[in-house]
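Visitor: For reference, this is target.txt, and it has compact mmCIF, C-alpha atoms.
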# COMPACT_ATOMS: atom_id res chain seq x y z
CA MET A 1 14.44 9.82 -6.55
CA LEU A 2 13.60 6.39 -5.15
CA GLY A 3 10.45 6.30 -7.25
CA LEU A 4 12.35 7.11 -10.43
CA LEU A 5 14.84 4.34 -9.65
CA LEU A 6 11.93 1.92 -9.22
CA ILE A 7 10.46 2.93 -12.56
CA ALA A 8 13.86 2.47 -14.21
CA ALA A 9 14.16 -0.98 -12.61
CA LEU A 10 10.66 -1.83 -13.85
CA VAL A 11 11.57 -0.86 -17.42
CA VAL A 12 14.85 -2.81 -17.30
CA ALA A 13 13.11 -5.89 -15.87
CA THR A 14 10.42 -5.68 -18.54
CA VAL A 15 12.87 -5.39 -21.43
CA ALA A 16 15.09 -8.11 -19.95
CA LEU A 17 12.16 -10.51 -19.85
CA ALA A 18 11.01 -9.64 -23.33
CA ARG A 19 13.55 -11.78 -25.11
CA GLN A 20 11.29 -12.59 -28.00
CA LEU A 21 10.26 -9.94 -30.50
CA ASP A 22 6.65 -11.15 -30.37
CA LEU A 23 6.59 -10.65 -26.63
CA LEU A 24 8.20 -7.23 -26.96
CA ALA A 25 5.54 -6.21 -29.50
CA ASP A 26 2.78 -7.45 -27.18
CA LEU A 27 4.32 -5.56 -24.29
CA LEU A 28 4.42 -2.35 -26.30
CA GLN A 29 0.78 -2.82 -27.32
CA LEU A 30 -0.36 -3.56 -23.78
CA GLY A 31 1.72 -0.75 -22.27
CA GLY A 32 0.64 1.71 -24.94
CA ALA A 33 -3.03 0.84 -24.54
CA SER A 34 -2.76 1.17 -20.76
CA MET A 35 -1.05 4.53 -21.01
CA LEU A 36 -3.61 5.80 -23.54
CA VAL A 37 -6.63 4.68 -21.52
CA GLY A 38 -5.01 6.01 -18.33
CA LEU A 39 -4.42 9.43 -19.86
CA VAL A 40 -8.00 9.59 -21.17
CA PHE A 41 -9.24 8.60 -17.70
CA LEU A 42 -7.07 11.32 -16.17
CA ALA A 43 -8.38 13.88 -18.67
CA VAL A 44 -12.07 13.16 -18.14
CA HIS A 45 -12.15 12.48 -14.40
CA PRO A 46 -13.81 15.46 -12.73
CA LYS A 47 -11.83 15.31 -9.48
CA LEU A 48 -8.41 14.39 -10.83
CA GLU A 49 -6.15 17.22 -12.01
CA TRP A 50 -3.34 16.56 -14.47
CA ILE A 51 -0.79 17.50 -11.85
CA ALA A 52 -1.41 17.30 -8.11
CA SER A 53 -0.79 20.31 -5.93
CA PRO A 54 2.69 20.33 -4.41
CA PRO A 55 2.72 19.39 -0.74
CA ALA A 56 2.53 22.38 1.56
CA ASP A 57 5.51 22.94 3.81
CA ASP A 58 3.88 23.52 7.20
CA GLY A 59 7.17 23.77 9.00
CA SER A 60 6.71 20.57 10.93
CA CYS A 61 9.28 17.87 10.72
CA THR A 62 8.65 14.67 8.83
CA VAL A 63 8.63 11.19 10.28
CA ASP A 64 12.15 10.73 8.92
CA GLU A 65 13.33 13.66 11.01
CA LEU A 66 11.97 12.31 14.28
CA PRO A 67 14.65 11.13 16.66
CA SER A 68 15.27 7.46 16.07
CA VAL A 69 14.38 5.29 19.06
CA ALA A 70 14.75 1.64 19.82
CA PRO A 71 11.55 -0.16 20.87
CA VAL A 72 11.91 0.01 24.65
CA VAL A 73 8.42 1.11 25.67
CA ASP A 74 6.17 -1.78 26.66
CA ARG A 75 3.49 -2.85 24.22
CA VAL A 76 -0.18 -3.46 24.93
CA SER A 77 -2.45 -5.58 22.78
CA VAL A 78 -5.62 -4.19 21.25
CA GLU A 79 -7.72 -6.63 23.29
CA GLU A 80 -6.20 -5.53 26.59
CA ALA A 81 -6.51 -1.89 25.61
CA GLN A 82 -10.21 -2.39 24.85
CA GLU A 83 -10.75 -3.96 28.28
CA LEU A 84 -8.96 -1.05 29.98
CA LEU A 85 -11.07 1.41 28.02
CA GLU A 86 -14.28 -0.35 29.05
CA ARG A 87 -13.19 -0.09 32.69
CA SER A 88 -12.17 3.56 32.23
CA GLN A 89 -8.72 2.73 33.56
CA VAL A 90 -6.64 4.17 30.79
CA THR A 91 -5.91 7.41 28.95
CA PHE A 92 -5.06 7.23 25.28
CA VAL A 93 -2.70 9.69 23.61
CA ASP A 94 -3.02 9.94 19.84
CA ALA A 95 0.37 10.57 18.19
CA ARG A 96 -1.05 11.15 14.72
CA PRO A 97 -1.46 14.54 13.04
CA ALA A 98 -4.42 16.66 14.17
CA TYR A 99 -6.46 16.16 11.00
CA HIS A 100 -6.30 12.39 11.41
CA TYR A 101 -7.33 12.76 15.04
CA ALA A 102 -10.24 15.02 14.08
CA ALA A 103 -11.45 12.50 11.51
CA ALA A 104 -11.60 9.65 14.01
CA HIS A 105 -9.88 8.57 17.21
CA ILE A 106 -10.24 6.27 20.18
CA PRO A 107 -12.89 7.56 22.62
CA GLY A 108 -11.36 9.83 25.25
CA ALA A 109 -7.99 10.08 23.53
CA MET A 110 -5.91 13.25 23.71
CA ASN A 111 -4.12 14.42 20.60
CA LEU A 112 -0.39 15.05 20.85
CA PRO A 113 1.11 14.84 17.34
CA ALA A 114 4.54 13.24 17.54
CA GLU A 115 6.05 15.81 15.16
CA ASP A 116 5.14 18.69 17.49
CA ALA A 117 5.15 16.88 20.82
CA GLU A 118 8.42 18.26 22.18
CA GLY A 119 7.48 21.87 21.46
CA LEU A 120 3.95 21.47 22.79
CA LEU A 121 5.18 19.89 26.03
CA ASP A 122 7.65 22.78 26.41
CA MET A 123 4.80 25.26 26.24
CA GLN A 124 2.15 23.48 28.27
CA SER A 125 1.88 20.56 30.65
CA LEU A 126 -0.28 17.63 29.73
CA SER A 127 -2.96 16.78 32.29
CA LEU A 128 -2.47 13.05 32.49
CA PRO A 129 -3.12 11.07 35.67
CA PRO A 130 0.38 10.47 37.08
CA ASP A 131 -0.49 6.99 38.36
CA GLY A 132 -2.89 5.97 35.65
CA ALA A 133 -2.15 3.84 32.65
CA VAL A 134 -1.40 5.72 29.47
CA ILE A 135 -1.39 4.20 26.00
CA THR A 136 0.07 5.98 23.00
CA TYR A 137 -0.88 5.04 19.48
CA CYS A 138 -0.04 6.12 15.97
CA ASP A 139 -1.35 4.99 12.61
CA GLY A 140 0.11 1.48 12.66
CA GLY A 141 3.01 -0.49 11.27
CA SER A 142 6.21 -0.22 13.27
CA CYS A 143 4.72 2.38 15.66
CA GLU A 144 7.82 4.60 15.73
CA GLN A 145 5.78 7.72 16.41
CA SER A 146 3.96 6.28 19.42
CA GLU A 147 7.22 4.74 20.64
CA TYR A 148 8.86 8.15 20.44
CA LEU A 149 5.93 9.80 22.20
CA GLY A 150 5.91 7.18 24.95
CA LEU A 151 9.61 7.76 25.61
CA LEU A 152 9.11 11.50 25.60
CA LEU A 153 6.25 11.33 28.12
CA ARG A 154 8.33 9.09 30.33
CA GLU A 155 11.42 11.30 30.13
CA ARG A 156 9.41 14.40 30.93
CA GLY A 157 7.96 12.69 33.98
CA VAL A 158 4.43 13.08 32.68
CA CYS A 159 3.64 9.45 33.31
CA GLN A 160 5.62 6.29 33.99
CA LYS A 161 3.06 3.62 33.14
CA VAL A 162 3.05 4.48 29.48
CA ARG A 163 2.67 1.74 26.89
CA VAL A 164 2.39 1.59 23.13
CA LEU A 165 -0.67 0.15 21.39
CA GLU A 166 0.47 -2.82 19.32
CA GLY A 167 -0.45 -2.24 15.68
CA GLY A 168 -1.71 1.27 16.40
CA TRP A 169 -4.85 2.78 14.95
CA GLN A 170 -5.06 0.33 12.06
CA ALA A 171 -5.10 -2.64 14.43
CA TRP A 172 -7.67 -0.93 16.66
CA VAL A 173 -10.03 -0.28 13.75
CA GLY A 174 -9.34 -3.72 12.33
CA ALA A 175 -10.38 -5.31 15.63
CA GLY A 176 -13.64 -3.39 15.63
CA GLY A 177 -12.66 -0.98 18.40
CA SER A 178 -15.04 1.91 18.98
CA THR A 179 -14.09 5.26 17.49
CA VAL A 180 -15.37 8.81 17.71
CA SER A 181 -14.68 11.88 15.63
CA GLY A 182 -14.18 15.41 16.80
CA ASP A 183 -11.59 18.06 17.38
CA THR A 184 -9.77 19.16 20.50
CA ARG A 185 -6.87 21.37 21.40
CA PHE A 186 -3.74 20.09 23.06
CA GLY A 187 -4.20 20.08 26.81
CA ASP A 188 -8.01 20.29 26.70
CA ALA A 189 -10.14 17.62 28.19
CA PRO A 190 -10.92 15.36 25.27
CA SER A 191 -14.39 15.80 23.90
CA SER A 192 -16.18 14.42 20.92
CA SER A 193 -18.83 16.01 18.82
CA VAL A 194 -20.14 12.87 17.28
CA ALA A 195 -21.66 9.82 18.90
CA PRO A 196 -19.58 6.68 18.96
CA GLU A 197 -19.69 4.72 15.79
CA ALA A 198 -18.90 1.13 15.05
CA ALA A 199 -15.63 0.83 13.26
CA GLY A 200 -14.90 -1.91 10.79
CA MET B 1 11.21 -26.30 -23.61
CA SER B 2 11.21 -26.95 -27.34
CA ALA B 3 8.14 -26.20 -29.38
CA SER B 4 7.61 -29.84 -30.27
CA THR B 5 7.51 -30.98 -26.62
CA PRO B 6 3.98 -31.01 -25.23
CA THR B 7 3.47 -28.84 -22.18
CA PRO B 8 3.28 -30.96 -19.00
CA LYS B 9 -0.13 -31.14 -17.40
CA TRP B 10 1.16 -29.92 -14.04
CA MET B 11 2.48 -26.79 -15.69
CA LEU B 12 -0.84 -26.15 -17.42
CA ALA B 13 -2.69 -26.62 -14.13
CA ALA B 14 -0.28 -24.34 -12.27
CA SER B 15 -0.58 -21.78 -15.03
CA TRP B 16 -4.38 -21.81 -14.87
CA ALA B 17 -4.31 -21.41 -11.11
CA GLY B 18 -1.78 -18.58 -11.38
CA ARG B 19 -3.82 -16.87 -14.07
CA LEU B 20 -7.04 -17.01 -12.06
CA ILE B 21 -5.42 -15.92 -8.80
CA ALA B 22 -3.19 -13.14 -10.13
CA GLY B 23 -5.68 -11.97 -12.74
CA GLY B 24 -8.51 -11.89 -10.22
CA VAL B 25 -6.48 -10.04 -7.62
CA PHE B 26 -5.31 -7.38 -10.08
CA ILE B 27 -8.76 -6.85 -11.63
CA TYR B 28 -10.28 -6.50 -8.17
CA ALA B 29 -7.55 -4.08 -7.08
CA ALA B 30 -7.89 -2.03 -10.28
CA ALA B 31 -11.67 -1.74 -9.98
CA LEU B 32 -11.45 -0.40 -6.42
CA LYS B 33 -8.77 2.12 -7.38
CA LEU B 34 -10.67 3.30 -10.46
CA VAL B 35 -13.73 3.98 -8.30
CA ASP B 36 -11.77 6.47 -6.17
CA PRO B 37 -8.55 7.54 -7.94
CA VAL B 38 -8.21 10.62 -5.72
CA ALA B 39 -7.79 8.44 -2.63
CA PHE B 40 -5.30 6.27 -4.51
CA ALA B 41 -3.31 9.38 -5.49
CA GLN B 42 -3.14 10.26 -1.79
CA ASP B 43 -1.97 6.73 -1.01
CA ILE B 44 0.82 7.13 -3.57
CA ALA B 45 1.80 10.46 -2.00
CA ASN B 46 1.97 8.83 1.43
CA TYR B 47 4.77 6.55 0.27
CA GLN B 48 7.01 9.65 0.01
CA ALA B 49 8.85 8.03 -2.91
CA PHE B 50 7.59 9.89 -5.96
CA PRO B 51 7.58 13.57 -6.99
CA TYR B 52 4.18 15.22 -6.60
CA TRP B 53 3.65 15.72 -10.34
CA THR B 54 3.55 11.92 -10.82
CA TRP B 55 0.88 11.19 -8.18
CA ASN B 56 -2.24 11.77 -10.28
CA LEU B 57 -0.68 10.32 -13.43
CA ALA B 58 0.20 7.12 -11.58
CA ALA B 59 -3.25 7.06 -9.94
CA ALA B 60 -4.82 7.02 -13.40
CA VAL B 61 -2.40 4.75 -15.28
CA VAL B 62 -1.49 2.08 -12.70
CA PRO B 63 -5.08 0.81 -12.22
CA VAL B 64 -5.53 0.60 -16.00
CA VAL B 65 -2.29 -1.38 -16.29
CA GLU B 66 -3.56 -3.69 -13.55
CA LEU B 67 -6.95 -4.06 -15.22
CA LEU B 68 -5.62 -4.81 -18.72
CA GLY B 69 -2.88 -7.06 -17.34
CA GLY B 70 -5.40 -8.95 -15.23
CA LEU B 71 -7.76 -9.34 -18.18
CA ALA B 72 -4.87 -10.58 -20.34
CA LEU B 73 -4.19 -13.30 -17.77
CA ILE B 74 -7.80 -14.35 -17.35
CA ILE B 75 -8.76 -14.28 -21.03
CA GLY B 76 -5.45 -15.61 -22.29
CA PHE B 77 -5.02 -12.94 -24.96
CA LYS B 78 -1.42 -11.65 -24.79
CA ARG B 79 -1.06 -13.72 -21.63
CA ARG B 80 2.74 -13.60 -21.45
CA ALA B 81 2.85 -9.86 -22.01
CA GLY B 82 0.29 -9.43 -19.24
CA SER B 83 2.36 -11.66 -16.97
CA VAL B 84 5.54 -9.67 -17.63
CA VAL B 85 3.81 -6.33 -17.02
CA LEU B 86 2.12 -7.49 -13.82
CA GLY B 87 5.34 -9.19 -12.69
CA ALA B 88 7.31 -6.00 -13.16
CA LEU B 89 4.59 -4.07 -11.34
CA THR B 90 4.66 -6.52 -8.45
CA LEU B 91 8.46 -6.26 -8.27
CA ALA B 92 8.08 -2.50 -8.05
CA PHE B 93 5.50 -2.91 -5.27
CA ILE B 94 7.90 -5.19 -3.39
CA GLY B 95 10.65 -2.59 -3.72
CA LEU B 96 8.29 0.09 -2.42
CA ILE B 97 7.24 -2.02 0.56
CA LEU B 98 10.88 -2.73 1.42
CA SER B 99 11.68 0.98 1.24
CA VAL B 100 8.75 1.77 3.55
CA ILE B 101 9.89 -0.86 6.05
CA VAL B 102 13.48 0.42 5.97
CA ARG B 103 12.38 4.04 6.40
CA GLY B 104 9.96 3.13 9.20
CA ILE B 105 6.95 4.91 7.73
CA ASP B 106 3.54 4.03 9.16
CA LEU B 107 0.93 3.87 6.40
CA SER B 108 -1.79 1.75 4.92
CA CYS B 109 -0.86 0.29 1.56
CA GLY B 110 -3.69 1.50 -0.67
CA CYS B 111 -3.28 -1.75 -2.59
CA PHE B 112 -7.04 -2.19 -2.86
CA GLY B 113 -8.15 1.40 -2.77
CA GLU B 114 -10.05 2.42 0.34
CA ALA B 115 -11.37 -1.09 0.94
CA THR B 116 -8.41 -2.21 3.01
CA GLN B 117 -7.51 0.80 5.09
CA SER B 118 -6.53 -1.48 7.91
CA SER B 119 -3.77 -3.30 5.99
CA ALA B 120 -0.59 -1.58 7.10
CA VAL B 121 2.57 -1.90 5.03
CA GLY B 122 4.93 -4.47 6.54
CA TRP B 123 6.40 -7.94 6.25
CA PRO B 124 3.03 -9.78 5.87
CA MET B 125 2.25 -7.60 2.89
CA LEU B 126 5.69 -8.30 1.43
CA LEU B 127 5.05 -12.04 1.70
CA ARG B 128 1.66 -11.60 0.04
CA ASP B 129 3.28 -9.83 -2.90
CA VAL B 130 5.96 -12.52 -3.20
CA ALA B 131 3.17 -15.13 -3.34
CA LEU B 132 1.48 -13.05 -6.03
CA LEU B 133 4.74 -12.96 -7.97
CA VAL B 134 4.91 -16.77 -7.82
CA ALA B 135 1.39 -16.97 -9.25
CA ILE B 136 2.37 -14.58 -12.06
CA VAL B 137 5.46 -16.65 -12.91
CA ALA B 138 3.26 -19.76 -13.05
CA ALA B 139 0.88 -17.95 -15.36
CA TYR B 140 3.79 -16.99 -17.65
CA LEU B 141 5.43 -20.40 -18.00
CA PRO B 142 3.52 -22.36 -20.66
CA PRO B 143 4.35 -21.35 -24.23
CA GLU B 144 1.84 -19.14 -25.94
CA GLY B 145 -0.02 -19.87 -29.15
CA PRO B 146 0.43 -22.75 -31.62
CA PRO B 147 3.83 -24.45 -31.70
CA LYS B 148 6.27 -22.84 -34.10
CA GLY B 149 8.69 -25.60 -35.15
CA PRO B 150 10.92 -25.76 -38.21
CA PRO B 151 9.06 -26.42 -41.49
CA ASN B 152 8.40 -30.09 -42.06
CA PRO B 153 10.15 -31.13 -45.33
CA SER B 154 7.59 -33.88 -45.86
CA ASP B 155 4.76 -31.35 -45.74
CA SER B 156 3.89 -30.95 -49.37
CA SER B 157 0.61 -29.14 -48.96
CA PRO B 158 0.25 -25.82 -50.85
CA LYS B 159 -0.30 -24.01 -47.54
CA ARG B 160 3.32 -24.65 -46.67
CA LEU B 161 4.41 -22.36 -49.48
CA LEU B 162 2.42 -19.53 -47.96
CA LYS B 163 4.28 -19.73 -44.63
If you convert what's in this file into structure tokens, what do you get?
Guide:
Amino acid sequence: MLGLLLIAALVVATVALARQLDLLADLLQLGGASMLVGLVFLAVHPKLEWIASPPADDGSCTVDELPSVAPVVDRVSVEEAQELLERSQVTFVDARPAYHYAAAHIPGAMNLPAEDAEGLLDMQSLSLPPDGAVITYCDGGSCEQSEYLGLLLRERGVCQKVRVLEGGWQAWVGAGGSTVSGDTRFGDAPSSSVAPEAAG
Amino acid sequence: MSASTPTPKWMLAASWAGRLIAGGVFIYAAALKLVDPVAFAQDIANYQAFPYWTWNLAAAVVPVVELLGGLALIIGFKRRAGSVVLGALTLAFIGLILSVIVRGIDLSCGCFGEATQSSAVGWPMLLRDVALLVAIVAAYLPPEGPPKGPPNPSDSSPKRLLK
């Protein structure tokens, strides 16, 4: 619905600016040519279907449905987190979905997707060092998922020294932090199947 | 500005700068998206703002709009139409970014295909798009084509009759 409103606003803005007939004609030519070339591109591209597959409903809640939390968990900068990782004084908890974690994550990180975290913690305890530093991270931006996860871990008494990685995964990769790929189950000791790679 | 008034030099300079900046940015962005439209379709899906049947269509059409609009700015052919189209597109991007900020979604923008995975959507990106909009407005400002004033009564050449 929001997207359709944006498109409508775009059309209105375009027509409103096209006060001259010449400009309107040029706009129609440019828009028509773009649409035509775009449709041809869509038709001939081998990997692009006319209509994308509808998103699968996997039963998990969306980010919008996560409980809203104010930013109360302490933040940690990427630089400090890298130093802690080098000294092996920290455990990372990846709040992103499992397929993102499997593709790449911070070395030694556990995966606890924020959408499923409450249910998973109900079923199984998370083996985190009670006195050790724990850093949660999500994809980036406002870090609501890692904030939520940090609060949850604190409320459940899993760990008290939990902090949120400022800027999340995007900031970590952007700063050249090391990453590994590999899969793990919730609660397992984190392991990686691929040697560390330089991120950039 | 009337057709008989010459365009100020500062406006021409600003327009050239705007054309080069905005045109270059959009051509670069379009090229990266056209290389991998599947990834761009996924980026569109991540915004959670459009129905799924529009994802691939937008992934194919938007880069072409950006490419032709950018070329129009750089070359100067249908410059004002290109400015209006790219301006409307940038306004739509700004609206999308605002909606992402308000909804608190964590995602990378996909503005330049897969080349800038690390650029998360947020206020810095909003400022960047506003700056781009300023460049587009500057590119639009000077009048296009030869001046079209009222017919000069003293012009007695035969060509005047053909106008």
Visitor: Ranking A:Leu10, A:Leu5, A:Ile51, A:Val76 by minimum distance to Ala92 of chain B and counting all atoms listed in the file, which one comes first?
Guide: A:Leu10
Visitor: Nearest to Phe50 of chain B: which of B:Leu96, B:Leu141, B:Cys109, B:Leu127 is it, counting only C-alpha atoms?
Guide: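 Using only C-alpha atoms, the shortest distance to Phe50 of chain B belongs to B:Leu96.
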Visitor: Quote the spacing between atom CA of Leu126 of chain A and atom CA of Phe92 of chain A in Å to one decimal place.
Guide: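 Answer for the atom CA of Leu126 of chain A to atom CA of Phe92 of chain A separation: 12.3 Å.
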Visitor: At what distance in Å, to one decimal, does atom CA of Gly38 of chain A lie from atom CA of Leu68 of chain B?
Guide: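 Between atom CA of Leu68 of chain B and atom CA of Gly38 of chain A the gap works out to 10.8 Å.
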Visitor: Could you tell me which of A:Lys161, A:Cys143, A:Leu151, A:Glu118 comes closest to Ile101 of chain B if we count all atoms listed in the file?
Guide: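 The shortest atom-to-atom distance to Ile101 of chain B comes from A:Cys143.
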Visitor: Return the single residue from A:Ser34, A:Gln29, A:Gln124, A:Thr179 that is closest to chain B, with distances computed using all atoms listed in the file.
Guide: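 Among A:Ser34, A:Gln29, A:Gln124, A:Thr179, it is A:Ser34 that comes nearest to chain B.
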Visitor: Between atom CA of Trp172 of chain A and atom CA of Ala30 of chain B, measure the distance and give it in Å to one decimal.
Guide: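 Rounded to one decimal, the two atoms are 27.0 Å apart.
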Visitor: Calculated over only C-alpha atoms, which of the candidates B:Leu12, B:Ile75, B:Ile21, B:Ala60 has the smallest distance to chain A?
Guide: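 Among the listed residues, the smallest separation from chain A belongs to B:Ala60.
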Visitor: Counting all atoms listed in the file, which of A:Cys138, A:Ala81, A:Leu153, A:Met35 gets nearest to Tyr101 of chain A?
Guide: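 The answer is A:Cys138, which sits nearest to Tyr101 of chain A.
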Visitor: Pick out the residues sitting within 10 Å of His45 of chain A, and hand them over as an MDAnalysis selection string; count all atoms listed in the file, and ignore anything fewer than 4 positions along from it in its own chain.
Guide: (chainID A and resid 39:41 49:50) or (chainID B and resid 37:38 60)
Visitor: May I have the residues of chain B within 9 Å of chain A, counting all atoms listed in the file, written as a PDB file with C-alpha atoms, in the coordinates of the input?
Guide:
ATOM      1  CA  PRO B  37      -8.550   7.540  -7.940  1.00  0.00           C
ATOM      2  CA  VAL B  38      -8.210  10.620  -5.720  1.00  0.00           C
ATOM      3  CA  ALA B  41      -3.310   9.380  -5.490  1.00  0.00           C
ATOM      4  CA  GLN B  48       7.010   9.650   0.010  1.00  0.00           C
ATOM      5  CA  ALA B  49       8.850   8.030  -2.910  1.00  0.00           C
ATOM      6  CA  PHE B  50       7.590   9.890  -5.960  1.00  0.00           C
ATOM      7  CA  PRO B  51       7.580  13.570  -6.990  1.00  0.00           C
ATOM      8  CA  TYR B  52       4.180  15.220  -6.600  1.00  0.00           C
ATOM      9  CA  TRP B  53       3.650  15.720 -10.340  1.00  0.00           C
ATOM     10  CA  THR B  54       3.550  11.920 -10.820  1.00  0.00           C
ATOM     11  CA  TRP B  55       0.880  11.190  -8.180  1.00  0.00           C
ATOM     12  CA  ASN B  56      -2.240  11.770 -10.280  1.00  0.00           C
ATOM     13  CA  LEU B  57      -0.680  10.320 -13.430  1.00  0.00           C
ATOM     14  CA  ALA B  58       0.200   7.120 -11.580  1.00  0.00           C
ATOM     15  CA  ALA B  59      -3.250   7.060  -9.940  1.00  0.00           C
ATOM     16  CA  ALA B  60      -4.820   7.020 -13.400  1.00  0.00           C
ATOM     17  CA  VAL B  61      -2.400   4.750 -15.280  1.00  0.00           C
ATOM     18  CA  VAL B  62      -1.490   2.080 -12.700  1.00  0.00           C
ATOM     19  CA  PRO B  63      -5.080   0.810 -12.220  1.00  0.00           C
ATOM     20  CA  VAL B  64      -5.530   0.600 -16.000  1.00  0.00           C
ATOM     21  CA  VAL B  65      -2.290  -1.380 -16.290  1.00  0.00           C
ATOM     22  CA  GLU B  66      -3.560  -3.690 -13.550  1.00  0.00           C
ATOM     23  CA  LEU B  67      -6.950  -4.060 -15.220  1.00  0.00           C
ATOM     24  CA  LEU B  68      -5.620  -4.810 -18.720  1.00  0.00           C
ATOM     25  CA  GLY B  69      -2.880  -7.060 -17.340  1.00  0.00           C
ATOM     26  CA  LYS B  78      -1.420 -11.650 -24.790  1.00  0.00           C
ATOM     27  CA  ARG B  80       2.740 -13.600 -21.450  1.00  0.00           C
ATOM     28  CA  ALA B  81       2.850  -9.860 -22.010  1.00  0.00           C
ATOM     29  CA  GLY B  82       0.290  -9.430 -19.240  1.00  0.00           C
ATOM     30  CA  VAL B  84       5.540  -9.670 -17.630  1.00  0.00           C
ATOM     31  CA  VAL B  85       3.810  -6.330 -17.020  1.00  0.00           C
ATOM     32  CA  GLY B  87       5.340  -9.190 -12.690  1.00  0.00           C
ATOM     33  CA  ALA B  88       7.310  -6.000 -13.160  1.00  0.00           C
ATOM     34  CA  LEU B  89       4.590  -4.070 -11.340  1.00  0.00           C
ATOM     35  CA  LEU B  91       8.460  -6.260  -8.270  1.00  0.00           C
ATOM     36  CA  ALA B  92       8.080  -2.500  -8.050  1.00  0.00           C
ATOM     37  CA  PHE B  93       5.500  -2.910  -5.270  1.00  0.00           C
ATOM     38  CA  GLY B  95      10.650  -2.590  -3.720  1.00  0.00           C
ATOM     39  CA  LEU B  96       8.290   0.090  -2.420  1.00  0.00           C
ATOM     40  CA  SER B  99      11.680   0.980   1.240  1.00  0.00           C
ATOM     41  CA  ILE B 101       9.890  -0.860   6.050  1.00  0.00           C
ATOM     42  CA  ARG B 103      12.380   4.040   6.400  1.00  0.00           C
ATOM     43  CA  GLY B 104       9.960   3.130   9.200  1.00  0.00           C
ATOM     44  CA  ILE B 105       6.950   4.910   7.730  1.00  0.00           C
ATOM     45  CA  ASP B 106       3.540   4.030   9.160  1.00  0.00           C
ATOM     46  CA  LEU B 107       0.930   3.870   6.400  1.00  0.00           C
ATOM     47  CA  SER B 108      -1.790   1.750   4.920  1.00  0.00           C
ATOM     48  CA  GLN B 117      -7.510   0.800   5.090  1.00  0.00           C
ATOM     49  CA  SER B 118      -6.530  -1.480   7.910  1.00  0.00           C
ATOM     50  CA  SER B 119      -3.770  -3.300   5.990  1.00  0.00           C
ATOM     51  CA  ALA B 120      -0.590  -1.580   7.100  1.00  0.00           C
ATOM     52  CA  VAL B 121       2.570  -1.900   5.030  1.00  0.00           C
ATOM     53  CA  GLY B 122       4.930  -4.470   6.540  1.00  0.00           C
TER      54      GLY B 122
END
